[in-house]
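One file, input25.cif, carrying mmCIF, C-alpha atoms:
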```cif
data_start
loop_
_atom_site.label_atom_id
_atom_site.label_comp_id
_atom_site.auth_asym_id
_atom_site.auth_seq_id
_atom_site.Cartn_x
_atom_site.Cartn_y
_atom_site.Cartn_z
CA MET A 23 53.44 86.16 194.74
CA ARG A 24 51.47 87.33 191.70
CA PHE A 25 48.39 85.18 192.29
CA SER A 26 47.98 85.23 196.06
CA GLY A 27 44.27 85.33 196.81
CA LYS A 28 43.39 84.78 193.13
CA HIS A 29 41.16 81.98 191.84
CA ILE A 30 42.24 80.71 188.42
CA VAL A 31 40.23 78.23 186.32
CA ILE A 32 42.30 76.25 183.82
CA THR A 33 40.93 73.83 181.23
CA GLY A 34 42.99 71.02 179.76
CA ALA A 35 44.86 70.92 183.06
CA ALA A 36 45.67 67.20 183.09
CA SER A 37 48.50 67.38 180.56
CA GLY A 38 50.63 69.56 178.32
CA LEU A 39 50.43 73.33 178.52
CA GLY A 40 47.34 73.33 180.71
CA LEU A 41 49.08 71.23 183.34
CA ALA A 42 52.26 73.32 183.22
CA ILE A 43 50.35 76.59 183.55
CA ALA A 44 48.21 75.27 186.39
CA ARG A 45 51.26 74.09 188.32
CA ALA A 46 53.07 77.40 187.76
CA ALA A 47 50.04 79.47 188.80
CA GLU A 48 49.60 77.36 191.93
CA ALA A 49 53.29 77.83 192.76
CA GLU A 50 52.68 81.60 192.65
CA GLY A 51 49.82 81.43 195.12
CA ALA A 52 46.75 80.80 192.95
CA LEU A 53 43.86 78.64 193.98
CA VAL A 54 43.47 76.54 190.84
CA THR A 55 40.29 74.87 189.67
CA ALA A 56 41.40 72.37 187.03
CA LEU A 57 38.98 71.11 184.38
CA ASP A 58 39.78 68.15 182.16
CA ARG A 59 38.24 64.95 180.85
CA ASN A 60 41.03 63.12 182.68
CA PRO A 61 42.11 63.31 186.33
CA SER A 62 44.57 66.11 187.16
CA PRO A 63 46.83 66.45 190.22
CA PHE A 64 45.09 69.38 191.89
CA ALA A 65 43.01 69.60 195.04
CA HIS A 66 40.21 71.32 193.14
CA ALA A 67 40.11 69.14 190.04
CA ARG A 68 36.90 68.51 188.14
CA ILE A 69 36.33 65.86 185.47
CA CYS A 70 34.69 67.90 182.73
CA ASP A 71 34.12 67.82 178.99
CA VAL A 72 34.39 71.51 178.11
CA SER A 73 32.02 71.08 175.16
CA ASP A 74 29.20 69.86 177.44
CA GLU A 75 27.19 72.79 178.83
CA ASN A 76 25.75 70.87 181.77
CA ALA A 77 29.17 69.49 182.71
CA VAL A 78 30.73 72.97 182.67
CA MET A 79 27.83 74.42 184.67
CA ASP A 80 28.29 71.71 187.30
CA ALA A 81 32.08 72.24 187.40
CA LEU A 82 31.77 75.98 188.00
CA ALA A 83 28.58 76.08 190.06
CA HIS A 84 30.35 76.08 193.44
CA LEU A 85 32.59 79.03 192.54
CA SER A 86 31.53 82.46 193.70
CA ARG A 87 34.53 84.28 192.24
CA ILE A 88 36.90 83.72 189.34
CA ASP A 89 39.89 86.02 188.76
CA GLY A 90 41.40 84.32 185.74
CA LEU A 91 40.44 81.76 183.11
CA VAL A 92 42.86 79.87 180.88
CA ASN A 93 41.21 77.95 178.05
CA ALA A 94 43.98 75.47 177.26
CA ALA A 95 41.88 72.40 176.37
CA GLY A 96 42.32 71.38 172.77
CA ILE A 97 42.62 68.50 170.34
CA ALA A 98 44.42 68.26 167.00
CA LEU A 99 43.54 66.90 163.58
CA ARG A 100 46.03 66.63 160.74
CA LEU A 101 43.98 66.35 157.55
CA THR A 102 42.90 68.31 154.48
CA VAL A 103 39.28 69.39 154.00
CA THR A 104 38.45 66.52 151.64
CA ASP A 105 40.04 63.92 153.92
CA THR A 106 38.28 65.12 157.07
CA ASP A 107 35.39 63.09 158.43
CA MET A 108 32.65 65.45 159.58
CA ALA A 109 32.27 63.68 162.92
CA ASP A 110 35.96 64.38 163.59
CA TYR A 111 35.48 67.99 162.46
CA ASP A 112 32.53 68.43 164.81
CA ARG A 113 34.41 66.99 167.77
CA LEU A 114 37.45 69.19 167.13
CA MET A 115 35.32 72.32 166.87
CA ALA A 116 33.37 71.29 169.96
CA VAL A 117 36.52 71.15 172.09
CA ASN A 118 38.68 73.87 170.55
CA LEU A 119 36.10 76.55 169.81
CA ARG A 120 32.83 75.70 171.55
CA GLY A 121 34.75 74.74 174.70
CA SER A 122 36.53 78.09 174.92
CA PHE A 123 33.30 79.95 174.15
CA LEU A 124 31.22 77.93 176.62
CA VAL A 125 33.61 78.03 179.58
CA SER A 126 34.05 81.77 179.03
CA LYS A 127 30.28 82.28 178.90
CA LEU A 128 29.81 80.59 182.27
CA ALA A 129 32.92 82.06 183.93
CA LEU A 130 32.47 85.70 182.93
CA PRO A 131 29.57 86.42 185.31
CA LYS A 132 31.88 85.39 188.16
CA MET A 133 34.45 88.00 187.00
CA LYS A 134 32.37 91.00 186.02
CA THR A 135 31.90 92.41 189.54
CA HIS A 136 35.64 92.77 190.13
CA GLY A 137 37.42 92.30 186.81
CA GLY A 138 39.73 89.55 185.67
CA ALA A 139 41.55 88.01 182.75
CA VAL A 140 40.71 85.41 180.12
CA LEU A 141 43.45 83.69 178.14
CA HIS A 142 42.52 81.63 175.10
CA PHE A 143 44.89 79.33 173.26
CA SER A 144 45.12 79.76 169.51
CA SER A 145 48.14 78.54 167.53
CA CYS A 146 50.75 79.66 165.04
CA VAL A 147 48.66 77.87 162.40
CA GLY A 148 45.73 80.10 163.31
CA VAL A 149 47.87 83.01 162.10
CA THR A 150 49.66 81.53 159.10
CA GLY A 151 48.86 78.67 156.75
CA ALA A 152 49.99 75.09 157.22
CA ARG A 153 49.27 72.07 155.08
CA ASN A 154 47.02 69.23 156.28
CA ARG A 155 45.52 71.13 159.20
CA ALA A 156 42.35 72.61 157.72
CA ALA A 157 39.91 72.07 160.59
CA TYR A 158 42.49 72.67 163.30
CA SER A 159 43.68 75.91 161.67
CA ALA A 160 40.09 77.06 161.25
CA SER A 161 39.34 76.46 164.92
CA LYS A 162 42.43 78.37 166.01
CA GLY A 163 41.79 81.27 163.65
CA ALA A 164 38.30 81.54 165.11
CA ILE A 165 39.81 81.76 168.60
CA ILE A 166 41.69 84.91 167.56
CA ALA A 167 38.45 86.50 166.32
CA LEU A 168 36.69 85.44 169.52
CA THR A 169 39.47 87.01 171.58
CA ARG A 170 39.13 90.39 169.91
CA SER A 171 35.35 90.47 170.17
CA MET A 172 35.37 89.47 173.83
CA ALA A 173 38.05 92.05 174.62
CA LEU A 174 35.74 94.78 173.32
CA ASP A 175 32.59 93.40 174.90
CA TYR A 176 34.00 93.12 178.43
CA ALA A 177 36.51 95.97 178.63
CA THR A 178 34.10 98.13 180.62
CA ASP A 179 33.83 95.29 183.14
CA LYS A 180 37.63 95.39 183.54
CA VAL A 181 37.92 91.89 182.10
CA ARG A 182 40.91 91.56 179.78
CA VAL A 183 40.89 88.93 177.03
CA ASN A 184 43.99 87.80 175.14
CA CYS A 185 45.21 84.69 173.38
CA LEU A 186 48.50 82.92 172.89
CA CYS A 187 49.57 81.50 169.53
CA PRO A 188 52.27 78.93 170.33
CA GLY A 189 54.44 77.24 167.78
CA PHE A 190 54.79 73.47 167.89
CA VAL A 191 55.42 72.54 171.52
CA ASP A 192 56.68 69.25 172.91
CA THR A 193 53.48 68.02 174.59
CA PRO A 194 51.64 64.69 174.42
CA LEU A 195 50.13 65.81 171.09
CA LEU A 196 53.60 65.37 169.56
CA ALA A 197 54.66 62.35 171.59
CA LYS A 198 54.17 59.77 168.81
CA MET A 199 55.86 61.78 166.08
CA PRO A 200 58.75 59.89 164.38
CA PRO A 201 62.22 61.40 164.95
CA GLU A 202 62.75 62.34 161.30
CA ARG A 203 59.47 64.25 161.24
CA ARG A 204 60.30 65.97 164.52
CA ALA A 205 63.54 67.16 162.95
CA ARG A 206 61.67 68.56 159.94
CA LEU A 207 59.17 70.25 162.22
CA ALA A 208 61.91 71.79 164.34
CA ALA A 209 63.51 73.19 161.19
CA THR A 210 60.34 75.12 160.33
CA HIS A 211 60.97 77.31 163.39
CA PRO A 212 63.66 79.94 162.73
CA LEU A 213 65.05 79.40 166.25
CA GLY A 214 65.72 75.81 165.20
CA ARG A 215 63.79 73.72 167.70
CA ILE A 216 60.39 72.60 168.88
CA GLY A 217 59.19 74.58 171.90
CA THR A 218 58.77 73.39 175.46
CA VAL A 219 56.03 74.13 177.98
CA GLU A 220 58.61 76.21 179.83
CA ASP A 221 58.88 78.47 176.78
CA VAL A 222 55.16 79.25 176.82
CA THR A 223 54.18 79.22 180.50
CA PRO A 224 55.82 82.53 181.53
CA MET A 225 53.88 84.49 178.89
CA ALA A 226 50.63 82.77 179.89
CA LEU A 227 51.14 83.71 183.54
CA PHE A 228 52.09 87.26 182.60
CA LEU A 229 48.92 87.77 180.55
CA ILE A 230 46.58 86.64 183.34
CA SER A 231 48.50 88.62 185.97
CA ASP A 232 48.07 92.25 186.98
CA GLN A 233 51.38 92.98 185.24
CA ALA A 234 49.44 92.86 181.96
CA ALA A 235 46.78 95.31 183.18
CA TRP A 236 46.92 97.37 179.93
CA ILE A 237 46.95 94.48 177.47
CA THR A 238 43.73 93.18 175.94
CA GLY A 239 42.52 91.92 172.58
CA GLN A 240 45.95 90.64 171.57
CA ALA A 241 47.05 87.44 169.82
CA ILE A 242 50.64 86.93 170.94
CA GLY A 243 52.99 84.49 169.26
CA VAL A 244 55.36 82.38 171.32
CA ASP A 245 56.49 80.29 168.42
CA GLY A 246 60.24 80.29 167.83
CA GLY A 247 59.69 82.61 164.87
CA PHE A 248 57.34 80.23 163.02
CA SER A 249 54.78 82.89 162.11
CA ALA A 250 57.45 85.36 160.95
CA GLY A 251 57.82 83.44 157.68
CA HIS A 252 60.25 81.11 155.93
CA LEU A 253 63.80 80.87 157.20
CA GLU A 254 65.10 79.55 153.90
CA ASP A 255 66.37 81.90 151.20
CA ILE A 256 63.80 81.33 148.46
#
```
Could you spell out this file's structure in structure tokens?
Amino acid sequence: MRFSGKHIVITGAASGLGLAIARAAEAEGALVTALDRNPSPFAHARICDVSDENAVMDALAHLSRIDGLVNAAGIALRLTVTDTDMADYDRLMAVNLRGSFLVSKLALPKMKTHGGAVLHFSSCVGVTGARNRAAYSASKGAIIALTRSMALDYATDKVRVNCLCPGFVDTPLLAKMPPERRARLAATHPLGRIGTVEDVTPMALFLISDQAAWITGQAIGVDGGFSAGHLEDI
């Protein structure tokens, strides 16, 4: 199995993509340390706000070695700049950007002696524009820049850093969306549907595995064609 003997830390592991990736990594032999504000179904689960430095330090303090880190924790905000309350902006940036930065900062020293892999989660709207997602898009675009800088900074330590840019995936973030809006959202993807966690998980596992040993600094879309452009003939 690809992750036998490997210790993988996964944030946002109580639901959605984080949960799916954690379960899949565990099924392939990984020892998973799961971080989330909510309880997650793993033996080594830690209740942790990834934006809180002391909480992250406590969650990782007992670990002597980390082989992979998946920063999947994230929150969404669907508003324009002028409609965004700054407290909501600060909280979104704290989780989406500060959280990825902070967990990486504290995990990297536990990788540098032997190498490893970091996988951030950006989004298709970090690559291309989308209406009413100003703060969210900004946080995800910043993740791509963070990925590239980290890839350069830690390449000599044999730590690879990549990010995934999923399209709209059927997770709890979309659970309350009305059917007519789901249909419109599906139609924005050239492949004609909203994604599933099963669409994204294999690429996530590949990028943190030794099979991706010569891949670093990349922002990889798994998005049903969303970032390719408009399907309609305009």
| Contacts of Leu101 of chain A within 8 Å, only C-alpha atoms, excl. fewer than 3 positions in-chain, as a list of chain:residue names |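 My reading of the contact set: A:Asp105, A:Thr106, A:Asn154, A:Arg155, A:Ala156, A:Ala157.
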- request: Considering only C-alpha atoms, return as a ChimeraX atom specification whatever protein or nucleic-acid residues lie within 6 Å of segment 134-148 of chain A, sequence-local ones (same chain, fewer than 3 positions apart) excluded.
  value: /A:89-94,131,151,159,162-163,165,179-189,230,249
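With only C-alpha atoms as the atoms that count, the residue of A:Asp112, A:Asp255, A:Asp80, A:Asp232 with the shortest distance to Ala129 of chain A is A:Asp80.
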Please determine an axis-aligned box that encloses all atoms of segment 63-78 of chain A listed in the file, with 8 Å added on each side, and express its centre and edge lengths in Å to one decimal as JSON.
```
{"center_x": 36.3, "center_y": 69.4, "center_z": 185.1, "size_x": 37.1, "size_y": 23.1, "size_z": 35.9}
```
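Going from atom CA of Ala46 of chain A to atom CA of Phe25 of chain A covers 10.1 Å.
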_Just the number, please: distance in Å from atom CA of His211 of chain A to atom CA of Phe190 of chain A, one decimal._
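The value is 8.6 Å.
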Do you have, as a tab-separated table, the list of residues of segment 27-142 of chain A lying at most 7 Å from segment 219-226 of chain A, each with its nearest atom pair and that distance in Å to one decimal, counting only C-alpha atoms and ordered by chain then number?
```
residue	atom	partner	partner_atom	distance
A:Leu39	CA	A:Val219	CA	5.7
A:Ala42	CA	A:Val219	CA	6.5
A:Ile43	CA	A:Thr223	CA	5.6
```
